[in-house]
>>> print(open('model_37.pdb').read())   # PDB, C-alpha atoms, pLDDT in the B column
ATOM      1  CA  MET A   1      97.570 116.934 105.249  1.00 92.00           C
ATOM      2  CA  SER A   2      94.601 117.992 103.156  1.00 95.00           C
ATOM      3  CA  ALA A   3      91.036 116.787 103.569  1.00 96.00           C
ATOM      4  CA  ALA A   4      91.321 115.322 100.062  1.00 97.00           C
ATOM      5  CA  ALA A   5      94.369 113.272 101.118  1.00 97.00           C
ATOM      6  CA  VAL A   6      92.458 111.973 104.155  1.00 98.00           C
ATOM      7  CA  ALA A   7      89.508 111.079 101.895  1.00 98.00           C
ATOM      8  CA  GLU A   8      91.908 109.207  99.587  1.00 98.00           C
ATOM      9  CA  ALA A   9      93.338 107.324 102.589  1.00 98.00           C
ATOM     10  CA  GLU A  10      89.812 106.455 103.749  1.00 98.00           C
ATOM     11  CA  GLN A  11      89.017 105.167 100.260  1.00 98.00           C
ATOM     12  CA  ARG A  12      92.060 102.865 100.411  1.00 98.00           C
ATOM     13  CA  LEU A  13      91.147 101.715 103.926  1.00 98.00           C
ATOM     14  CA  GLY A  14      87.497 101.099 103.131  1.00 98.00           C
ATOM     15  CA  PHE A  15      86.243 102.989 106.203  1.00 98.00           C
ATOM     16  CA  ALA A  16      86.144 106.524 107.599  1.00 98.00           C
ATOM     17  CA  LEU A  17      88.647 107.636 110.198  1.00 98.00           C
ATOM     18  CA  HIS A  18      87.346 108.532 113.619  1.00 98.00           C
ATOM     19  CA  PRO A  19      86.555 112.294 113.359  1.00 98.00           C
ATOM     20  CA  LEU A  20      89.122 113.277 116.005  1.00 97.00           C
ATOM     21  CA  LEU A  21      91.808 111.245 114.258  1.00 97.00           C
ATOM     22  CA  ALA A  22      90.926 112.860 110.921  1.00 98.00           C
ATOM     23  CA  ALA A  23      91.181 116.273 112.599  1.00 97.00           C
ATOM     24  CA  LEU A  24      94.649 115.430 113.916  1.00 96.00           C
ATOM     25  CA  TYR A  25      95.869 114.549 110.451  1.00 97.00           C
ATOM     26  CA  THR A  26      94.291 117.590 108.775  1.00 97.00           C
ATOM     27  CA  GLN A  27      94.798 120.248 111.459  1.00 96.00           C
ATOM     28  CA  VAL A  28      97.992 119.220 113.280  1.00 95.00           C
ATOM     29  CA  ALA A  29     100.275 117.185 111.003  1.00 95.00           C
ATOM     30  CA  ASN A  30     100.595 113.988 109.014  1.00 96.00           C
ATOM     31  CA  GLY A  31     102.196 112.110 111.899  1.00 94.00           C
ATOM     32  CA  GLY A  32     105.713 112.551 113.206  1.00 93.00           C
ATOM     33  CA  PHE A  33     104.649 114.483 116.310  1.00 86.00           C
ATOM     34  CA  GLY A  34     104.167 113.772 119.989  1.00 73.00           C
ATOM     35  CA  PRO A  35     106.327 112.922 122.961  1.00 61.00           C
ATOM     36  CA  GLU A  36     108.871 110.090 122.612  1.00 68.00           C
ATOM     37  CA  TYR A  37     106.986 107.706 120.329  1.00 81.00           C
ATOM     38  CA  GLN A  38     105.447 109.682 117.512  1.00 89.00           C
ATOM     39  CA  LEU A  39     102.113 109.336 115.777  1.00 92.00           C
ATOM     40  CA  LEU A  40     102.432 107.382 112.531  1.00 97.00           C
ATOM     41  CA  SER A  41     101.865 109.269 109.302  1.00 97.00           C
ATOM     42  CA  LEU A  42      98.561 108.379 107.700  1.00 98.00           C
ATOM     43  CA  ALA A  43     100.061 108.167 104.192  1.00 97.00           C
ATOM     44  CA  GLY A  44     103.018 109.794 102.467  1.00 94.00           C
ATOM     45  CA  GLY A  45     104.336 111.410 105.639  1.00 94.00           C
ATOM     46  CA  PRO A  46     107.603 111.636 107.536  1.00 94.00           C
ATOM     47  CA  THR A  47     107.423 108.471 109.681  1.00 92.00           C
ATOM     48  CA  GLY A  48     109.039 105.206 108.643  1.00 91.00           C
ATOM     49  CA  GLU A  49     105.738 103.344 108.797  1.00 94.00           C
ATOM     50  CA  GLN A  50     102.565 104.704 107.235  1.00 97.00           C
ATOM     51  CA  ALA A  51      99.307 103.830 109.011  1.00 98.00           C
ATOM     52  CA  VAL A  52      97.318 103.024 105.853  1.00 98.00           C
ATOM     53  CA  ASP A  53     100.041 100.788 104.385  1.00 98.00           C
ATOM     54  CA  LEU A  54     100.573  99.061 107.720  1.00 97.00           C
ATOM     55  CA  TYR A  55      96.851  98.395 108.154  1.00 98.00           C
ATOM     56  CA  LEU A  56      96.450  97.028 104.628  1.00 97.00           C
ATOM     57  CA  SER A  57      99.558  94.875 104.979  1.00 97.00           C
ATOM     58  CA  ARG A  58      98.393  93.414 108.309  1.00 95.00           C
ATOM     59  CA  ARG A  59      94.915  92.730 106.930  1.00 95.00           C
ATOM     60  CA  THR A  60      96.354  90.931 103.883  1.00 96.00           C
ATOM     61  CA  GLN A  61      99.296  89.193 105.548  1.00 93.00           C
ATOM     62  CA  ASN A  62      97.291  87.603 108.348  1.00 90.00           C
ATOM     63  CA  ALA A  63      93.915  87.112 106.651  1.00 93.00           C
ATOM     64  CA  GLY A  64      92.307  83.798 107.495  1.00 92.00           C
ATOM     65  CA  THR A  65      94.602  83.145 110.467  1.00 93.00           C
ATOM     66  CA  ASP A  66      94.173  83.485 114.220  1.00 92.00           C
ATOM     67  CA  TRP A  67      96.307  86.634 113.919  1.00 94.00           C
ATOM     68  CA  ALA A  68      93.976  88.381 111.431  1.00 94.00           C
ATOM     69  CA  TRP A  69      94.034  92.138 111.980  1.00 96.00           C
ATOM     70  CA  PRO A  70      90.551  93.457 112.898  1.00 97.00           C
ATOM     71  CA  GLU A  71      88.658  95.461 110.309  1.00 97.00           C
ATOM     72  CA  GLY A  72      88.445  99.173 111.068  1.00 98.00           C
ATOM     73  CA  VAL A  73      91.264  99.170 113.646  1.00 98.00           C
ATOM     74  CA  LEU A  74      93.931 101.574 112.392  1.00 98.00           C
ATOM     75  CA  PRO A  75      97.438 101.411 113.896  1.00 98.00           C
ATOM     76  CA  ILE A  76      98.531 104.921 114.865  1.00 97.00           C
ATOM     77  CA  LEU A  77     101.704 104.414 116.886  1.00 94.00           C
ATOM     78  CA  THR A  78     104.332 101.751 117.362  1.00 93.00           C
ATOM     79  CA  TRP A  79     105.451 101.019 120.913  1.00 89.00           C
ATOM     80  CA  GLY A  80     108.311  98.874 119.572  1.00 88.00           C
ATOM     81  CA  CYS A  81     108.750  95.101 119.844  1.00 89.00           C
ATOM     82  CA  GLY A  82     105.791  94.519 117.493  1.00 92.00           C
ATOM     83  CA  MET A  83     103.377  96.410 119.753  1.00 92.00           C
ATOM     84  CA  TYR A  84     100.998  99.051 118.383  1.00 95.00           C
ATOM     85  CA  ALA A  85      98.414 101.520 119.597  1.00 95.00           C
ATOM     86  CA  ALA A  86      95.428 101.409 117.236  1.00 97.00           C
ATOM     87  CA  VAL A  87      92.142 103.309 116.990  1.00 98.00           C
ATOM     88  CA  ASP A  88      88.894 101.413 116.578  1.00 98.00           C
ATOM     89  CA  CYS A  89      87.444 103.713 113.932  1.00 98.00           C
ATOM     90  CA  HIS A  90      84.073 101.937 114.183  1.00 97.00           C
ATOM     91  CA  SER A  91      83.579 102.886 117.835  1.00 97.00           C
ATOM     92  CA  ALA A  92      81.883 106.196 118.583  1.00 97.00           C
ATOM     93  CA  GLU A  93      84.540 107.073 121.159  1.00 97.00           C
ATOM     94  CA  GLY A  94      87.496 106.055 118.997  1.00 97.00           C
ATOM     95  CA  MET A  95      88.592 103.423 121.508  1.00 97.00           C
ATOM     96  CA  VAL A  96      92.380 103.042 121.556  1.00 96.00           C
ATOM     97  CA  LEU A  97      93.574  99.456 121.596  1.00 97.00           C
ATOM     98  CA  MET A  98      96.948  97.902 122.194  1.00 95.00           C
ATOM     99  CA  PHE A  99      98.162  95.063 120.022  1.00 96.00           C
ATOM    100  CA  GLU A 100     100.723  93.061 122.059  1.00 93.00           C
ATOM    101  CA  PRO A 101     101.727  89.890 120.180  1.00 95.00           C
ATOM    102  CA  ASN A 102     104.834  88.992 122.169  1.00 92.00           C
ATOM    103  CA  PRO A 103     103.337  86.347 124.497  1.00 89.00           C
ATOM    104  CA  GLY A 104     102.413  84.417 121.325  1.00 92.00           C
ATOM    105  CA  ASP A 105      98.700  83.965 122.018  1.00 92.00           C
ATOM    106  CA  PRO A 106      96.377  85.622 119.464  1.00 91.00           C
ATOM    107  CA  ASP A 107      93.491  85.422 121.939  1.00 89.00           C
ATOM    108  CA  ALA A 108      95.463  87.521 124.425  1.00 91.00           C
ATOM    109  CA  ALA A 109      97.047  90.030 122.050  1.00 94.00           C
ATOM    110  CA  TRP A 110      94.474  92.852 122.182  1.00 95.00           C
ATOM    111  CA  TYR A 111      93.821  95.223 125.088  1.00 95.00           C
ATOM    112  CA  VAL A 112      91.918  98.458 125.680  1.00 95.00           C
ATOM    113  CA  GLU A 113      94.531 101.168 126.253  1.00 92.00           C
ATOM    114  CA  THR A 114      91.872 103.818 126.797  1.00 92.00           C
ATOM    115  CA  PRO A 115      88.127 103.898 126.147  1.00 95.00           C
ATOM    116  CA  SER A 116      88.440 106.985 123.912  1.00 97.00           C
ATOM    117  CA  LEU A 117      90.888 108.658 121.584  1.00 96.00           C
ATOM    118  CA  GLU A 118      90.353 111.915 123.459  1.00 96.00           C
ATOM    119  CA  ALA A 119      91.463 110.333 126.767  1.00 94.00           C
ATOM    120  CA  TRP A 120      94.416 108.639 125.056  1.00 92.00           C
ATOM    121  CA  LEU A 121      95.548 111.936 123.518  1.00 92.00           C
ATOM    122  CA  THR A 122      95.291 113.656 126.902  1.00 92.00           C
ATOM    123  CA  GLY A 123      97.585 111.015 128.409  1.00 88.00           C
ATOM    124  CA  TYR A 124      99.856 111.232 125.381  1.00 82.00           C
ATOM    125  CA  ILE A 125     100.164 115.024 125.543  1.00 84.00           C
ATOM    126  CA  GLU A 126     100.555 115.090 129.337  1.00 87.00           C
ATOM    127  CA  ASP A 127     102.897 112.073 129.233  1.00 82.00           C
ATOM    128  CA  SER A 128     100.772 110.380 131.877  1.00 81.00           C
ATOM    129  CA  GLY A 129      99.692 107.192 130.122  1.00 79.00           C
ATOM    130  CA  TRP A 130     100.516 103.589 131.015  1.00 78.00           C
ATOM    131  CA  TRP A 131     103.884 103.903 129.282  1.00 77.00           C
ATOM    132  CA  VAL A 132     105.103 106.354 131.944  1.00 80.00           C
ATOM    133  CA  ALA A 133     104.464 103.753 134.666  1.00 77.00           C
ATOM    134  CA  ALA A 134     106.094 101.058 132.527  1.00 77.00           C
ATOM    135  CA  GLU A 135     109.235 103.134 131.971  1.00 80.00           C
ATOM    136  CA  ALA A 136     109.422 103.730 135.731  1.00 82.00           C
ATOM    137  CA  GLY A 137     109.323  99.966 136.293  1.00 79.00           C
ATOM    138  CA  GLU A 138     105.781 100.000 137.659  1.00 78.00           C
ATOM    139  CA  ASP A 139     103.169  97.379 136.838  1.00 73.00           C
ATOM    140  CA  TYR A 140     100.673  98.405 134.188  1.00 67.00           C
ATOM    141  CA  ASP A 141      98.824  95.117 133.724  1.00 67.00           C
ATOM    142  CA  ASP A 142      95.458  96.693 134.479  1.00 74.00           C
ATOM    143  CA  MET A 143      94.476  96.990 130.801  1.00 83.00           C
ATOM    144  CA  GLN A 144      91.295  95.119 130.020  1.00 91.00           C
ATOM    145  CA  PRO A 145      91.411  92.504 127.263  1.00 91.00           C
ATOM    146  CA  TRP A 146      89.614  93.380 124.030  1.00 93.00           C
ATOM    147  CA  PRO A 147      87.946  90.122 122.994  1.00 87.00           C
ATOM    148  CA  HIS A 148      86.480  91.350 119.681  1.00 90.00           C
ATOM    149  CA  ALA A 149      89.508  90.991 117.390  1.00 88.00           C
ATOM    150  CA  ARG A 150      88.335  87.706 115.891  1.00 85.00           C
ATOM    151  CA  ASP A 151      84.788  89.035 115.466  1.00 88.00           C
ATOM    152  CA  ARG A 152      86.183  91.729 113.151  1.00 89.00           C
ATOM    153  CA  ALA A 153      88.672  89.557 111.210  1.00 80.00           C
TER     154      ALA A 153
END
>>> encode(input="model_37.pdb", output="structure tokens")
Amino acid sequence: MSAAAVAEAEQRLGFALHPLLAALYTQVANGGFGPEYQLLSLAGGPTGEQAVDLYLSRRTQNAGTDWAWPEGVLPILTWGCGMYAAVDCHSAEGMVLMFEPNPGDPDAAWYVETPSLEAWLTGYIEDSGWWVAAEAGEDYDDMQPWPHARDRA
């Protein structure tokens, strides 16, 4: 994906991507890579969902509700069952959050998967993240809640 295409995506989003995320899209691929679950395409790529379209849809669809999608939090991967990994593009570290709506409580739907995109990518590449424990039937409920979703609605 070209730098111009990333700039166009950022224009549509209304914010800049975290620099490491922008580098992934420009230097690796426009999504569709990674172990098991694959990184979403930013825009116009090979994955079924496109991160920019998904973000804009969630922001519009749930605006003004308790389920409003936080501004600047870009979904980058679907875990299935309505769950997403998303990068807080406004945080210096590129904090990776998990959106888990299945319990039905908007105040308990956001968690910190990892404090930085770099750490998340390391776990993703090494296949050592929380999802490995979950697939093995182990408990992974040690994720900290992210209470700022409503602040960024």
>>> resolve_selection(input="model_37.pdb", expression="the PyMOL selection byres ((chain A and resi 110) around 6)", output="list in words")
Met98, Phe99, Ala108, Ala109, Tyr111, Pro145 and Trp146 of chain A
>>> residues_around(input="model_37.pdb", residues="A:Asp66", least_positions_apart="3", cutoff="10 Å", atoms="only C-alpha atoms", output="JSON, numbers by chain")
{"A": [62, 63, 69, 105, 106, 107, 149, 150, 153]}
>>> write_last_selection(input="model_37.pdb", atoms="C-alpha atoms", output="PDB file, in the coordinates of the input")
ATOM      1  CA  ASN A  62      97.291  87.603 108.348  1.00 90.00           C
ATOM      2  CA  ALA A  63      93.915  87.112 106.651  1.00 93.00           C
ATOM      3  CA  TRP A  69      94.034  92.138 111.980  1.00 96.00           C
ATOM      4  CA  ASP A 105      98.700  83.965 122.018  1.00 92.00           C
ATOM      5  CA  PRO A 106      96.377  85.622 119.464  1.00 91.00           C
ATOM      6  CA  ASP A 107      93.491  85.422 121.939  1.00 89.00           C
ATOM      7  CA  ALA A 149      89.508  90.991 117.390  1.00 88.00           C
ATOM      8  CA  ARG A 150      88.335  87.706 115.891  1.00 85.00           C
ATOM      9  CA  ALA A 153      88.672  89.557 111.210  1.00 80.00           C
TER      10      ALA A 153
END
>>> residues_near_point(input="model_37.pdb", point="(108.3, 113.7, 111.4)", cutoff="12 Å", atoms="only C-alpha atoms", output="PyMOL selection string")
chain A and resi 28-42+44-50
>>> atom_distance(input="model_37.pdb", atom1="atom CA of A:Cys89", atom2="atom CA of A:Leu17")
5.5 Å
>>> resolve_selection(input="model_37.pdb", expression="the PyMOL selection byres ((chain A and resi 125-131) around 10)", output="VMD selection string")
chain A and resid 34 to 36 79 113 to 114 119 to 124 132 to 143
>>> write_last_selection(input="model_37.pdb", atoms="C-alpha atoms", output="short mmCIF file (atom, residue, chain, number, x, y, z; two decimals), in the coordinates of the input")
data_model
loop_
_atom_site.label_atom_id
_atom_site.label_comp_id
_atom_site.auth_asym_id
_atom_site.auth_seq_id
_atom_site.Cartn_x
_atom_site.Cartn_y
_atom_site.Cartn_z
CA GLY A 34 104.17 113.77 119.99
CA PRO A 35 106.33 112.92 122.96
CA GLU A 36 108.87 110.09 122.61
CA TRP A 79 105.45 101.02 120.91
CA GLU A 113 94.53 101.17 126.25
CA THR A 114 91.87 103.82 126.80
CA ALA A 119 91.46 110.33 126.77
CA TRP A 120 94.42 108.64 125.06
CA LEU A 121 95.55 111.94 123.52
CA THR A 122 95.29 113.66 126.90
CA GLY A 123 97.58 111.02 128.41
CA TYR A 124 99.86 111.23 125.38
CA VAL A 132 105.10 106.35 131.94
CA ALA A 133 104.46 103.75 134.67
CA ALA A 134 106.09 101.06 132.53
CA GLU A 135 109.24 103.13 131.97
CA ALA A 136 109.42 103.73 135.73
CA GLY A 137 109.32 99.97 136.29
CA GLU A 138 105.78 100.00 137.66
CA ASP A 139 103.17 97.38 136.84
CA TYR A 140 100.67 98.40 134.19
CA ASP A 141 98.82 95.12 133.72
CA ASP A 142 95.46 96.69 134.48
CA MET A 143 94.48 96.99 130.80
#
>>> atom_distance(input="model_37.pdb", atom1="atom CA of A:Ala86", atom2="atom CA of A:Gly72")
9.6 Å
>>> resolve_selection(input="model_37.pdb", expression="the PyMOL selection byres ((chain A and resi 16) around 12)", output="CSV table (one decimal) with C-alpha atoms, keeping the file's coordinate frame")
chain,number,residue,atom,x,y,z
A,6,VAL,CA,92.5,112.0,104.2
A,7,ALA,CA,89.5,111.1,101.9
A,8,GLU,CA,91.9,109.2,99.6
A,9,ALA,CA,93.3,107.3,102.6
A,10,GLU,CA,89.8,106.5,103.7
A,11,GLN,CA,89.0,105.2,100.3
A,12,ARG,CA,92.1,102.9,100.4
A,13,LEU,CA,91.1,101.7,103.9
A,14,GLY,CA,87.5,101.1,103.1
A,15,PHE,CA,86.2,103.0,106.2
A,17,LEU,CA,88.6,107.6,110.2
A,18,HIS,CA,87.3,108.5,113.6
A,19,PRO,CA,86.6,112.3,113.4
A,20,LEU,CA,89.1,113.3,116.0
A,21,LEU,CA,91.8,111.2,114.3
A,22,ALA,CA,90.9,112.9,110.9
A,52,VAL,CA,97.3,103.0,105.9
A,71,GLU,CA,88.7,95.5,110.3
A,72,GLY,CA,88.4,99.2,111.1
A,73,VAL,CA,91.3,99.2,113.6
A,74,LEU,CA,93.9,101.6,112.4
A,87,VAL,CA,92.1,103.3,117.0
A,88,ASP,CA,88.9,101.4,116.6
A,89,CYS,CA,87.4,103.7,113.9
A,90,HIS,CA,84.1,101.9,114.2
A,91,SER,CA,83.6,102.9,117.8
A,92,ALA,CA,81.9,106.2,118.6
A,94,GLY,CA,87.5,106.1,119.0
>>> axis_aligned_box(input="model_37.pdb", around="stretch 128-132 of chain A", padding_each_side="5 Å", output="JSON")
{"center_x": 102.4, "center_y": 107.0, "center_z": 130.6, "size_x": 15.4, "size_y": 16.8, "size_z": 12.7}
